[in-house]
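Peer 1: Quick one, final_27.cif (mmCIF, C-alpha atoms):
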```cif
data_target
loop_
_atom_site.label_atom_id
_atom_site.label_comp_id
_atom_site.auth_asym_id
_atom_site.auth_seq_id
_atom_site.Cartn_x
_atom_site.Cartn_y
_atom_site.Cartn_z
CA LYS A 1 27.40 -27.27 -3.31
CA THR A 2 30.28 -25.73 -5.20
CA GLY A 3 28.47 -23.25 -7.45
CA ILE A 4 31.50 -20.96 -7.24
CA ILE A 5 30.59 -18.47 -9.97
CA ASN A 6 27.12 -17.79 -8.61
CA ALA A 7 28.48 -17.60 -5.05
CA VAL A 8 31.15 -15.01 -5.94
CA ASN A 9 28.68 -12.86 -7.83
CA GLU A 10 26.35 -12.88 -4.83
CA VAL A 11 29.14 -11.88 -2.45
CA VAL A 12 30.12 -8.95 -4.68
CA LYS A 13 26.69 -7.40 -4.14
CA TYR A 14 27.53 -6.88 -0.44
CA PHE A 15 30.68 -4.88 -1.33
CA GLN A 16 29.25 -2.56 -3.97
CA ASN A 17 29.29 0.58 -1.77
CA ASP A 18 32.35 -0.34 0.29
CA LYS A 19 35.55 1.54 -0.64
CA THR A 20 37.88 -0.60 1.49
CA GLU A 21 40.05 -3.37 0.11
CA LYS A 22 37.90 -6.33 -0.88
CA ARG A 23 39.03 -9.91 -0.48
CA ILE A 24 37.01 -13.04 -1.18
CA ILE A 25 38.23 -16.34 0.24
CA ILE A 26 37.00 -19.47 -1.53
CA VAL A 27 37.31 -22.82 0.22
CA THR A 28 36.73 -25.51 -2.39
CA ASP A 29 37.76 -28.95 -3.57
CA PHE A 30 38.22 -27.56 -7.11
CA ALA A 31 36.28 -30.53 -8.48
CA LYS A 32 34.29 -29.88 -11.63
CA ASN A 33 30.57 -30.38 -11.25
CA GLY A 34 27.54 -30.98 -13.41
CA TRP A 35 25.94 -27.57 -13.04
CA LEU A 36 28.79 -25.45 -14.37
CA ARG A 37 27.44 -22.85 -16.81
CA LYS A 38 29.14 -20.33 -19.04
CA LYS A 39 28.94 -17.25 -16.85
CA ASP A 40 31.39 -14.47 -16.19
CA ILE A 41 32.61 -13.58 -12.72
CA ILE A 42 32.03 -9.85 -12.34
CA ALA A 43 34.55 -9.48 -9.51
CA GLN A 44 37.30 -7.84 -11.58
CA ASN A 45 38.40 -5.48 -8.77
CA TYR A 46 38.48 -7.98 -5.97
CA LYS A 47 41.28 -10.08 -4.56
CA ILE A 48 40.25 -13.73 -4.64
CA ILE A 49 42.05 -16.24 -2.38
CA CYS A 50 41.41 -19.92 -3.00
CA VAL A 51 41.93 -22.67 -0.45
CA ASP A 52 42.08 -26.18 -1.94
CA VAL A 53 40.64 -28.83 0.38
CA GLY A 54 40.12 -31.49 -2.31
CA ASP A 55 41.76 -34.81 -3.06
CA ASN A 56 44.64 -35.11 -5.47
CA LYS A 57 42.38 -37.06 -7.82
CA PRO A 58 38.77 -35.95 -7.36
CA GLY A 59 36.60 -38.57 -9.09
CA ASN A 60 33.36 -36.77 -9.81
CA PHE A 61 30.76 -37.99 -12.28
CA ALA A 62 27.77 -35.81 -13.11
CA MET A 63 24.42 -35.85 -14.87
CA SER A 64 25.25 -32.80 -16.95
CA ASN A 65 22.32 -32.57 -19.39
CA VAL A 66 19.09 -34.18 -20.59
CA GLU A 67 17.42 -33.63 -23.95
CA THR A 68 14.10 -34.98 -25.21
CA PHE A 69 13.04 -35.45 -28.81
CA GLY A 70 9.94 -37.37 -29.76
CA ASN A 71 9.78 -40.36 -27.45
CA LYS A 72 13.53 -40.46 -26.90
CA ILE A 73 15.30 -39.15 -23.78
CA THR A 74 19.05 -38.57 -24.14
CA ALA A 75 21.16 -38.14 -21.02
CA SER A 76 24.69 -36.72 -20.92
CA VAL A 77 27.06 -37.97 -18.21
CA SER A 78 30.31 -36.10 -17.62
CA ASN A 79 33.35 -37.98 -16.36
CA TYR A 80 35.61 -35.47 -14.55
CA SER A 81 38.06 -38.13 -13.36
CA ASP A 82 41.28 -39.42 -14.91
CA ASP A 83 39.92 -42.93 -15.36
CA LYS A 84 37.58 -44.77 -17.67
CA LYS A 85 34.59 -46.11 -15.79
CA ASN A 86 31.32 -47.95 -16.44
CA ILE A 87 28.40 -46.04 -14.94
CA SER A 88 24.93 -47.26 -13.97
CA MET A 89 22.01 -44.91 -14.58
CA ASP A 90 18.27 -45.06 -13.83
CA LEU A 91 15.38 -43.23 -15.48
CA HIS A 92 12.46 -42.46 -13.14
CA VAL A 93 9.03 -41.46 -14.44
CA ASP A 94 6.47 -40.06 -12.01
CA GLY A 95 8.46 -41.38 -9.05
CA LYS A 96 8.89 -44.93 -10.38
CA LYS A 97 11.96 -46.49 -11.94
CA HIS A 98 11.19 -46.94 -15.63
CA LYS A 99 14.47 -48.05 -17.22
CA SER A 100 18.12 -48.62 -16.36
CA ALA A 101 21.37 -48.48 -18.30
CA PHE A 102 25.00 -49.43 -17.79
CA PHE A 103 27.58 -47.90 -20.12
CA GLY A 104 31.16 -46.71 -20.38
CA THR A 105 32.44 -43.17 -19.78
CA TYR A 106 35.85 -41.76 -20.64
CA PRO A 107 38.19 -39.42 -18.70
CA HIS A 108 37.32 -35.72 -18.96
CA LYS A 109 34.65 -36.37 -21.58
CA SER A 110 30.87 -36.40 -21.78
CA SER A 111 29.07 -39.58 -22.86
CA GLU A 112 25.46 -39.93 -24.01
CA TRP A 113 22.88 -42.64 -23.51
CA SER A 114 19.37 -42.61 -25.02
CA PHE A 115 16.24 -44.18 -23.58
CA ASP A 116 13.42 -45.08 -25.98
CA VAL A 117 10.35 -44.52 -23.80
CA LYS A 118 7.30 -46.72 -24.26
CA ASN A 119 4.23 -47.94 -22.38
CA ILE A 120 3.40 -44.82 -20.39
CA LYS A 121 0.33 -42.60 -20.60
CA ASN A 122 0.16 -39.73 -23.06
CA GLY A 123 0.80 -36.38 -21.43
CA ILE A 124 3.34 -34.58 -19.25
CA HIS A 125 5.40 -36.59 -16.79
CA LYS A 126 7.75 -35.49 -14.00
CA CYS A 127 11.02 -37.33 -14.50
CA PHE A 128 14.58 -37.53 -13.28
CA ILE A 129 17.67 -39.47 -14.26
CA GLU A 130 20.14 -40.50 -11.56
CA ILE A 131 23.59 -42.06 -11.80
CA GLU A 132 25.30 -44.19 -9.15
CA PRO A 133 26.65 -42.45 -5.99
CA ASP A 134 30.05 -40.74 -5.96
CA LYS A 135 31.87 -38.13 -3.82
CA LEU A 136 29.58 -35.29 -4.96
CA SER A 137 26.04 -36.63 -4.85
CA THR A 138 24.26 -33.34 -5.57
CA ASP A 139 24.99 -33.38 -9.31
CA ASN A 140 24.09 -37.05 -9.80
CA LYS A 141 20.42 -36.35 -10.43
CA TYR A 142 18.74 -34.31 -13.20
CA PHE A 143 15.05 -33.36 -13.01
CA PHE A 144 13.00 -32.57 -16.13
CA ALA A 145 9.50 -32.66 -17.56
CA PHE A 146 8.69 -34.99 -20.45
CA ASN A 147 5.70 -34.70 -22.76
CA TYR A 148 5.04 -38.25 -23.93
CA LYS A 149 2.95 -38.88 -26.98
CA GLU A 150 2.72 -42.14 -28.84
CA LYS A 151 4.25 -42.05 -32.29
CA PRO A 152 1.56 -41.25 -34.86
CA ASN A 153 0.66 -43.94 -37.37
CA VAL A 154 1.49 -42.79 -40.88
CA LEU A 155 0.28 -44.31 -44.16
CA LEU A 156 2.37 -43.86 -47.31
CA ILE A 157 0.46 -44.43 -50.54
CA ASP A 158 2.67 -45.21 -53.54
CA GLY A 159 1.02 -44.12 -56.79
CA ASN A 160 3.73 -45.51 -59.06
CA PRO A 161 5.26 -48.67 -57.52
CA HIS A 162 8.61 -49.98 -58.76
CA PHE A 163 10.27 -53.36 -58.40
CA SER A 164 13.26 -51.49 -56.93
CA ASP A 165 12.46 -49.70 -53.67
CA PHE A 166 15.17 -47.16 -54.44
CA LYS A 167 13.24 -46.02 -57.54
CA GLY A 168 9.87 -46.02 -55.79
CA GLU A 169 7.93 -43.06 -54.48
CA THR A 170 8.14 -43.86 -50.77
CA PHE A 171 11.64 -45.23 -50.04
CA PHE A 172 13.30 -41.97 -48.93
CA LEU A 173 10.16 -40.67 -47.26
CA LYS A 174 9.83 -43.83 -45.16
CA THR A 175 13.47 -43.49 -44.06
CA ALA A 176 13.02 -39.81 -43.10
CA LEU A 177 9.84 -40.59 -41.15
CA ALA A 178 11.32 -43.43 -39.10
CA ASN A 179 12.20 -41.23 -36.09
CA TYR A 180 8.79 -39.61 -35.85
CA SER A 181 6.20 -42.26 -36.64
CA ASP A 182 5.19 -45.85 -37.24
CA VAL A 183 4.97 -46.17 -41.01
CA LYS A 184 3.05 -48.49 -43.32
CA VAL A 185 3.41 -48.44 -47.12
CA ILE A 186 0.71 -49.55 -49.57
CA ASN A 187 0.14 -49.22 -53.30
CA PHE A 188 -2.65 -46.89 -54.35
CA SER A 189 -4.64 -49.87 -55.68
CA GLN A 190 -4.98 -50.98 -52.04
CA PHE A 191 -6.07 -47.60 -50.69
CA GLU A 192 -9.84 -47.91 -51.05
CA ASN A 193 -9.85 -51.14 -49.03
CA GLU A 194 -7.39 -49.94 -46.37
CA GLU A 195 -8.78 -49.18 -42.89
CA THR A 196 -7.64 -45.57 -42.52
CA SER A 197 -9.17 -44.70 -39.13
CA GLY A 198 -5.95 -45.64 -37.32
CA TYR A 199 -3.71 -43.24 -39.23
CA SER A 200 -2.99 -39.65 -38.21
CA VAL A 201 -1.13 -38.66 -41.39
CA LEU A 202 -1.48 -39.92 -44.94
CA PHE A 203 1.04 -39.22 -47.73
CA PHE A 204 -0.07 -39.53 -51.35
CA CYS A 205 2.98 -39.92 -53.58
CA ASN A 206 2.54 -39.50 -57.34
CA VAL A 207 -1.07 -40.76 -57.28
CA SER A 208 -2.50 -40.20 -60.77
CA ASP A 209 -6.20 -39.68 -60.06
CA PHE A 210 -8.99 -40.22 -57.52
CA ASN A 211 -12.47 -41.60 -58.28
CA LYS A 212 -15.62 -40.27 -56.59
CA ASP A 213 -15.48 -42.74 -53.70
CA GLU A 214 -11.82 -41.97 -53.06
CA VAL A 215 -12.46 -38.21 -53.11
CA LEU A 216 -15.29 -38.73 -50.59
CA LEU A 217 -12.89 -40.76 -48.42
CA LEU A 218 -10.38 -37.90 -48.51
CA LYS A 219 -13.11 -35.48 -47.49
CA ASN A 220 -14.09 -37.71 -44.55
CA LEU A 221 -10.45 -37.98 -43.46
CA ILE A 222 -10.19 -34.19 -43.33
CA SER A 223 -13.42 -34.01 -41.34
CA SER A 224 -11.86 -36.47 -38.88
CA ASN A 225 -8.87 -34.15 -38.32
CA ARG A 226 -6.41 -36.25 -40.31
CA TYR A 227 -3.44 -34.68 -42.10
CA LEU A 228 -3.05 -35.24 -45.85
CA VAL A 229 0.22 -34.62 -47.68
CA PHE A 230 0.57 -34.71 -51.47
CA PHE A 231 3.80 -35.24 -53.40
CA PRO A 232 3.23 -34.85 -57.17
CA GLY A 233 5.07 -36.59 -60.01
CA ASP A 234 4.86 -37.44 -63.70
CA ASN A 235 2.00 -39.82 -62.99
CA ILE A 236 -0.47 -37.14 -61.87
CA SER A 237 -2.93 -35.17 -63.97
CA LYS A 238 -2.88 -31.61 -62.68
CA GLU A 239 -6.11 -30.88 -64.55
CA LYS A 240 -7.94 -33.67 -62.71
CA TYR A 241 -6.41 -32.66 -59.38
CA ASN A 242 -7.50 -29.04 -59.83
CA ALA A 243 -11.00 -30.02 -61.00
CA LYS A 244 -11.93 -32.90 -58.70
CA MET A 245 -10.17 -31.71 -55.54
CA SER A 246 -10.34 -27.94 -55.77
CA PHE A 247 -12.34 -27.93 -52.51
CA LEU A 248 -9.54 -29.88 -50.83
CA LEU A 249 -6.20 -28.61 -52.09
CA PRO A 250 -4.70 -25.39 -50.65
CA CYS A 251 -3.28 -24.45 -54.04
CA GLU A 252 -3.68 -24.83 -57.76
CA ILE A 253 -1.13 -27.14 -59.36
CA SER A 254 -0.05 -25.12 -62.37
CA SER A 255 2.68 -25.40 -65.00
CA MET A 256 5.88 -27.40 -64.87
CA LEU A 257 9.06 -25.38 -64.28
CA ASN A 258 12.64 -26.41 -64.99
CA TYR A 259 15.36 -26.13 -62.38
CA GLY A 260 15.21 -24.21 -59.14
CA LYS A 261 16.91 -23.75 -55.77
CA LEU A 262 15.41 -24.27 -52.35
CA SER A 263 15.39 -21.21 -50.11
CA SER A 264 16.37 -21.29 -46.44
CA HIS A 265 13.09 -19.48 -45.66
CA ASN A 266 11.72 -21.03 -42.42
CA LEU A 267 14.63 -23.49 -42.34
CA PRO A 268 17.43 -21.62 -40.51
CA GLU A 269 19.17 -24.78 -39.35
CA SER A 270 19.56 -25.96 -42.97
CA GLN A 271 21.40 -22.89 -44.29
CA GLU A 272 24.62 -24.83 -44.95
CA MET A 273 22.73 -27.76 -46.48
CA LEU A 274 21.27 -25.83 -49.40
CA THR A 275 24.33 -25.42 -51.60
CA ASP A 276 24.41 -28.48 -53.83
CA GLU A 277 20.86 -29.72 -54.34
CA ASN A 278 19.94 -30.46 -57.96
CA ILE A 279 16.33 -29.64 -58.85
CA LYS A 280 15.60 -30.69 -62.44
CA LYS A 281 11.90 -29.83 -62.52
CA ARG A 282 9.07 -28.77 -60.24
CA PHE A 283 5.44 -27.73 -60.30
CA LEU A 284 4.41 -24.12 -59.93
CA LEU A 285 1.97 -24.00 -57.02
CA ILE A 286 -0.47 -21.07 -56.80
CA PRO A 287 -1.71 -20.77 -53.19
CA LYS A 288 -5.39 -20.10 -52.59
CA HIS A 289 -6.90 -17.59 -50.19
CA ASN A 290 -5.99 -18.38 -46.56
CA ALA A 291 -3.36 -20.91 -47.63
CA GLU A 292 0.13 -20.60 -46.12
CA THR A 293 3.44 -21.01 -47.93
CA LEU A 294 5.67 -22.87 -45.47
CA LEU A 295 8.78 -23.29 -47.64
CA LYS A 296 9.92 -21.50 -50.79
CA PHE A 297 12.25 -21.71 -53.73
CA SER A 298 14.81 -18.94 -54.17
CA ASP A 299 12.54 -17.27 -56.79
CA ASP A 300 9.88 -16.93 -54.05
CA THR A 301 7.55 -19.56 -55.56
CA PRO A 302 6.12 -22.12 -53.11
CA PHE A 303 7.94 -25.33 -52.28
CA LEU A 304 5.38 -26.44 -49.64
CA VAL A 305 1.87 -25.08 -49.16
CA LYS A 306 -0.44 -25.69 -46.18
CA GLY A 307 -4.20 -25.27 -46.14
CA LYS A 308 -6.44 -24.39 -43.20
CA ASN A 309 -7.87 -27.90 -43.51
CA ASN A 310 -4.47 -29.51 -42.75
CA VAL A 311 -3.75 -30.47 -46.35
CA PHE A 312 -0.14 -30.02 -47.51
CA VAL A 313 1.17 -29.97 -51.10
CA PHE A 314 4.82 -30.17 -52.21
CA ALA A 315 6.10 -28.84 -55.54
CA ILE A 316 8.48 -31.77 -56.16
CA SER A 317 8.23 -35.54 -56.16
CA SER A 318 9.18 -37.69 -53.18
CA ASN A 319 11.68 -39.70 -55.22
CA LEU A 320 14.68 -38.74 -57.40
CA SER A 321 12.77 -38.09 -60.63
CA TYR A 322 12.43 -34.34 -59.96
CA SER A 323 15.38 -33.57 -57.70
CA ASP A 324 18.04 -35.11 -55.49
CA ILE A 325 16.61 -33.42 -52.37
CA PRO A 326 15.36 -36.80 -50.96
CA ILE A 327 18.99 -37.96 -50.62
CA ARG A 328 20.30 -34.64 -49.30
CA PRO A 329 20.76 -33.90 -45.58
CA VAL A 330 18.11 -31.21 -45.87
CA PHE A 331 15.32 -33.75 -46.54
CA PRO A 332 15.06 -35.05 -42.94
CA VAL A 333 15.08 -31.39 -41.83
CA ILE A 334 12.13 -30.70 -44.14
CA ILE A 335 10.22 -33.68 -42.77
CA LYS A 336 10.98 -32.60 -39.21
CA HIS A 337 9.69 -29.12 -40.10
CA LEU A 338 6.54 -30.70 -41.57
CA PHE A 339 5.92 -32.74 -38.42
CA SER A 340 6.15 -29.60 -36.30
CA TYR A 341 2.80 -28.61 -37.86
CA PHE A 342 1.27 -32.01 -37.15
CA LEU A 343 2.26 -31.64 -33.50
CA GLU A 344 1.77 -27.89 -33.13
CA ASN A 345 -0.97 -28.33 -30.50
CA ASP A 346 1.39 -30.12 -28.14
CA THR A 347 2.07 -28.54 -24.77
CA LEU A 348 5.28 -26.51 -24.71
CA ILE A 349 7.75 -27.62 -22.07
CA LYS A 350 10.66 -25.39 -21.18
CA SER A 351 13.50 -26.47 -18.90
CA ALA A 352 15.44 -23.75 -17.13
CA ASN A 353 18.64 -23.99 -15.13
CA ILE A 354 19.34 -21.99 -11.98
CA GLY A 355 20.35 -18.44 -12.86
CA GLU A 356 18.78 -18.52 -16.32
CA ILE A 357 15.99 -16.11 -17.26
CA TYR A 358 12.90 -17.46 -19.03
CA GLN A 359 10.60 -14.88 -20.62
CA LYS A 360 7.02 -15.35 -21.74
CA ILE A 361 4.98 -13.02 -23.95
CA ALA A 362 2.42 -10.97 -22.03
CA GLY A 363 -0.93 -12.71 -21.94
CA GLU A 364 0.46 -16.25 -22.24
CA ILE A 365 -0.23 -18.61 -19.38
CA ILE A 366 2.31 -20.76 -17.58
CA PRO A 367 0.09 -23.53 -16.16
CA GLU A 368 2.71 -25.22 -13.98
CA ILE A 369 6.25 -24.75 -12.70
CA VAL A 370 8.10 -27.83 -11.46
CA SER A 371 11.01 -27.27 -9.06
CA PRO A 372 14.19 -29.39 -9.05
CA ASP A 373 12.82 -31.63 -6.28
CA GLY A 374 9.99 -32.65 -8.59
CA LYS A 375 7.27 -30.66 -6.75
#
```
In C-alpha cells, what does this structure look like?

Peer 2:
Amino acid sequence: KTGIINAVNEVVKYFQNDKTEKRIIIVTDFAKNGWLRKKDIIAQNYKIICVDVGDNKPGNFAMSNVETFGNKITASVSNYSDDKKNISMDLHVDGKKHKSAFFGTYPHKSSEWSFDVKNIKNGIHKCFIEIEPDKLSTDNKYFFAFNYKEKPNVLLIDGNPHFSDFKGETFFLKTALANYSDVKVINFSQFENEETSGYSVLFFCNVSDFNKDEVLLLKNLISSNRYLVFFPGDNISKEKYNAKMSFLLPCEISSMLNYGKLSSHNLPESQEMLTDENIKKRFLLIPKHNAETLLKFSDDTPFLVKGKNNVFVFAISSNLSYSDIPIRPVFPVIIKHLFSYFLENDTLIKSANIGEIYQKIAGEIIPEIVSPDGK
C-alpha cells in the first residue's frame, strides 16, 4: 500500500537521535492512489533514493471521496490513467448491494456520481462504495457511515394566490425546498380542511388572519412537535397577529421599515453572496424573552427569529414584493440554514481519514467508532 508520505515520516522517527548520514530508499510504482492527502514530508535533512518498479502507463482508478447530504450520496472517482474509461461502481448498505452505476471518467481527472437513496430504514447505516477491480485494489473501496432519514413532508400555505406562479407567495420557496423535503402547496382557504398530521414543517406565506379554530389548530400542531414558519407580506394584519397569536409567535411584528441589507451573521458561507440584494421594505421584529435571533440585517435588527416552541418568523415576504432575496443565490443558503434547526437532533456522523485528528469537547460521548473494514 503505497502511502509514501506517511511511511517516510514514520521512518524518520527511527533516525531522530542518529548523527550518521541518513538515507531512505523508496521502492514504488509511482502510481497515484486514492488516499493521497495534503501532508508535508518532514525529512528535509535526509537523502531519499527512489526505485521505480512500475509500468510505463500505470492505469489506476480510485474511490477518492464520498460525501453525503440529505438522502444523496456523492462518490468521487479519480482516473489516474492517460485514457478515458467507463467505470462500474456499486453502493453497499449494511453489507448488501443497494445500487449500481456505470459512468465515464476522464484522464487525470476526478468524476462524480450521485446516488439518491430510498427504501431503507431510518437511522445510521454502515456503507461502502466499490469500483471495478484494477491494478491497485486497495483504493477501490471507500467505507463511510450514512444517517438516513426520510425527507420531511412540508406544507406551503399561500395566503395570497396569483394566477402566475412567479408572482405567488410559494414559487421560490418550493424551489429552494426541493432538495430537502417533499412539498405540497395549498391556498389558505384549503388549510382548515387539510389533514396536517403528516407534515413535519408548515410555512404560512402572507396569510392575512386566523380564526379561532385555525389558531387552535396551530396550537395543536406545536404541541405535536411540528415546526411553523411565517413569512409576512402586505396581506397580513400585524395587529391581529400580535393580538391573536401572542402566545405563539416568538416576536412582536412591529412597524414597516424601508430598505435594508442582510448581514452575514450566522451565514459564513454566504459572505460573497450578500453584495447586491435589493430589500425594498421589511418588518421590524421585536424578539420576546427566550427567543433567538438566527439571522440579522446589517443594522442588527432581526431577519429571522426562532422561538422555544419551534416557531420561526421572517422579516420579509417569500416572494419579490419586499426584496429580490428569493431569486438570489443566498436564498437556498438561508433555507438550508433553516433546515439545520429542523434536523438539529440528528446524530452527528464524522468521517476521519488515516492520519487525521478528530477532537471532541470534554464530556461529549462518542457512541460508536467504525473502522475501515466496516466493523

Peer 1: Would you kindly return, as number ranges by chain, each protein, DNA or RNA residue with an atom no farther than 8 Å from any atom of Ile48 in chain A, considering all atoms listed in the file and excluding same-chain residues fewer than 3 positions away?

Peer 2: A: 23-26

Peer 1: Name the closest residue to Ser64 in chain A among the candidates A:Val215, A:Leu173, A:Val77, A:Leu262; distances are taken between atoms, counting all atoms listed in the file.

Peer 2: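 The answer is A:Val77, which sits nearest to Ser64 in chain A.
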
Peer 1: Using all atoms listed in the file, pick whichever of A:Asn266, A:Asn187, A:Thr105, A:Ser323 has the shortest atom-to-atom distance to Ser340 in chain A.

Peer 2: A:Asn266

Peer 1: Would you mind listing what lies within 12 Å of range 286-297 of chain A as a ChimeraX atom specification, with all atoms listed in the file counted and same-chain residues fewer than 4 positions away left out?

Peer 2: /A:242,246-255,257,259-268,274,277,279,281-282,301-316,333-335,337-338,340-341

Peer 1: Can you work out which one of A:Asn258, A:Ser76, A:Asn6, A:Ser223 has the shortest atom-to-atom distance to Lys141 in chain A, counting all atoms listed in the file?

Peer 2: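 Checking each candidate against Lys141 in chain A, we get A:Ser76 as the closest.
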
Peer 1: For Asn119 in chain A, which residue among A:Phe188, A:Phe331, A:Tyr148, A:Phe102 is the nearest when counting all atoms listed in the file?

Peer 2: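 Among A:Phe188, A:Phe331, A:Tyr148, A:Phe102, it is A:Tyr148 that comes nearest to Asn119 in chain A.
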
Peer 1: Report as a list in words all protein, DNA and RNA residues lying within 7 Å of Ser100 in chain A, evaluated on all atoms listed in the file, omitting residues in the same chain fewer than 6 positions from it.

Peer 2: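 Here the qualifying residues turn out to be Met89, Asp90 and Leu91 of chain A.
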
Peer 1: Can I get the selection written as a PDB file, in the coordinates of the input, with C-alpha atoms?

Peer 2:
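Everything below was put into part.pdb:
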```pdb
ATOM      1  CA  MET A  89      22.010 -44.910 -14.580  1.00  0.00           C
ATOM      2  CA  ASP A  90      18.270 -45.060 -13.830  1.00  0.00           C
ATOM      3  CA  LEU A  91      15.380 -43.230 -15.480  1.00  0.00           C
TER       4      LEU A  91
END
```

Peer 1: What residues come out when you apply the PyMOL selection byres ((chain A and resi 238) around 10) to this file, written as a PDB file with C-alpha atoms, in the frame of the given file?

Peer 2:
```pdb
ATOM      1  CA  SER A 208      -2.500 -40.200 -60.770  1.00  0.00           C
ATOM      2  CA  ASP A 209      -6.200 -39.680 -60.060  1.00  0.00           C
ATOM      3  CA  PRO A 232       3.230 -34.850 -57.170  1.00  0.00           C
ATOM      4  CA  GLY A 233       5.070 -36.590 -60.010  1.00  0.00           C
ATOM      5  CA  ASP A 234       4.860 -37.440 -63.700  1.00  0.00           C
ATOM      6  CA  ASN A 235       2.000 -39.820 -62.990  1.00  0.00           C
ATOM      7  CA  ILE A 236      -0.470 -37.140 -61.870  1.00  0.00           C
ATOM      8  CA  SER A 237      -2.930 -35.170 -63.970  1.00  0.00           C
ATOM      9  CA  GLU A 239      -6.110 -30.880 -64.550  1.00  0.00           C
ATOM     10  CA  LYS A 240      -7.940 -33.670 -62.710  1.00  0.00           C
ATOM     11  CA  TYR A 241      -6.410 -32.660 -59.380  1.00  0.00           C
ATOM     12  CA  ASN A 242      -7.500 -29.040 -59.830  1.00  0.00           C
ATOM     13  CA  ALA A 243     -11.000 -30.020 -61.000  1.00  0.00           C
ATOM     14  CA  LYS A 244     -11.930 -32.900 -58.700  1.00  0.00           C
ATOM     15  CA  GLU A 252      -3.680 -24.830 -57.760  1.00  0.00           C
ATOM     16  CA  ILE A 253      -1.130 -27.140 -59.360  1.00  0.00           C
ATOM     17  CA  SER A 254      -0.050 -25.120 -62.370  1.00  0.00           C
ATOM     18  CA  SER A 255       2.680 -25.400 -65.000  1.00  0.00           C
ATOM     19  CA  MET A 256       5.880 -27.400 -64.870  1.00  0.00           C
ATOM     20  CA  PHE A 283       5.440 -27.730 -60.300  1.00  0.00           C
TER      21      PHE A 283
END
```

Peer 1: Could you check which of A:Glu132, A:Asp83, A:Asp94, A:Glu169 is closest to Ser321 in chain A, using all atoms listed in the file?

Peer 2: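 Nearest to Ser321 in chain A: A:Glu169.
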
Peer 1: Hey, which of A:Leu177, A:Gly168, A:Val154, A:Lys212 ends up closest to Arg226 in chain A? Count all atoms listed in the file.

Peer 2: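 For Arg226 in chain A, the nearest of the candidates is A:Val154.
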
Peer 1: Distance cut-off 6 Å, centre (15.7, -38.8, -43.9) in file coordinates, counting all atoms listed in the file: which residues qualify? Return them as a PyMOL selection string.

Peer 2: chain A and resi 175-176+331-332
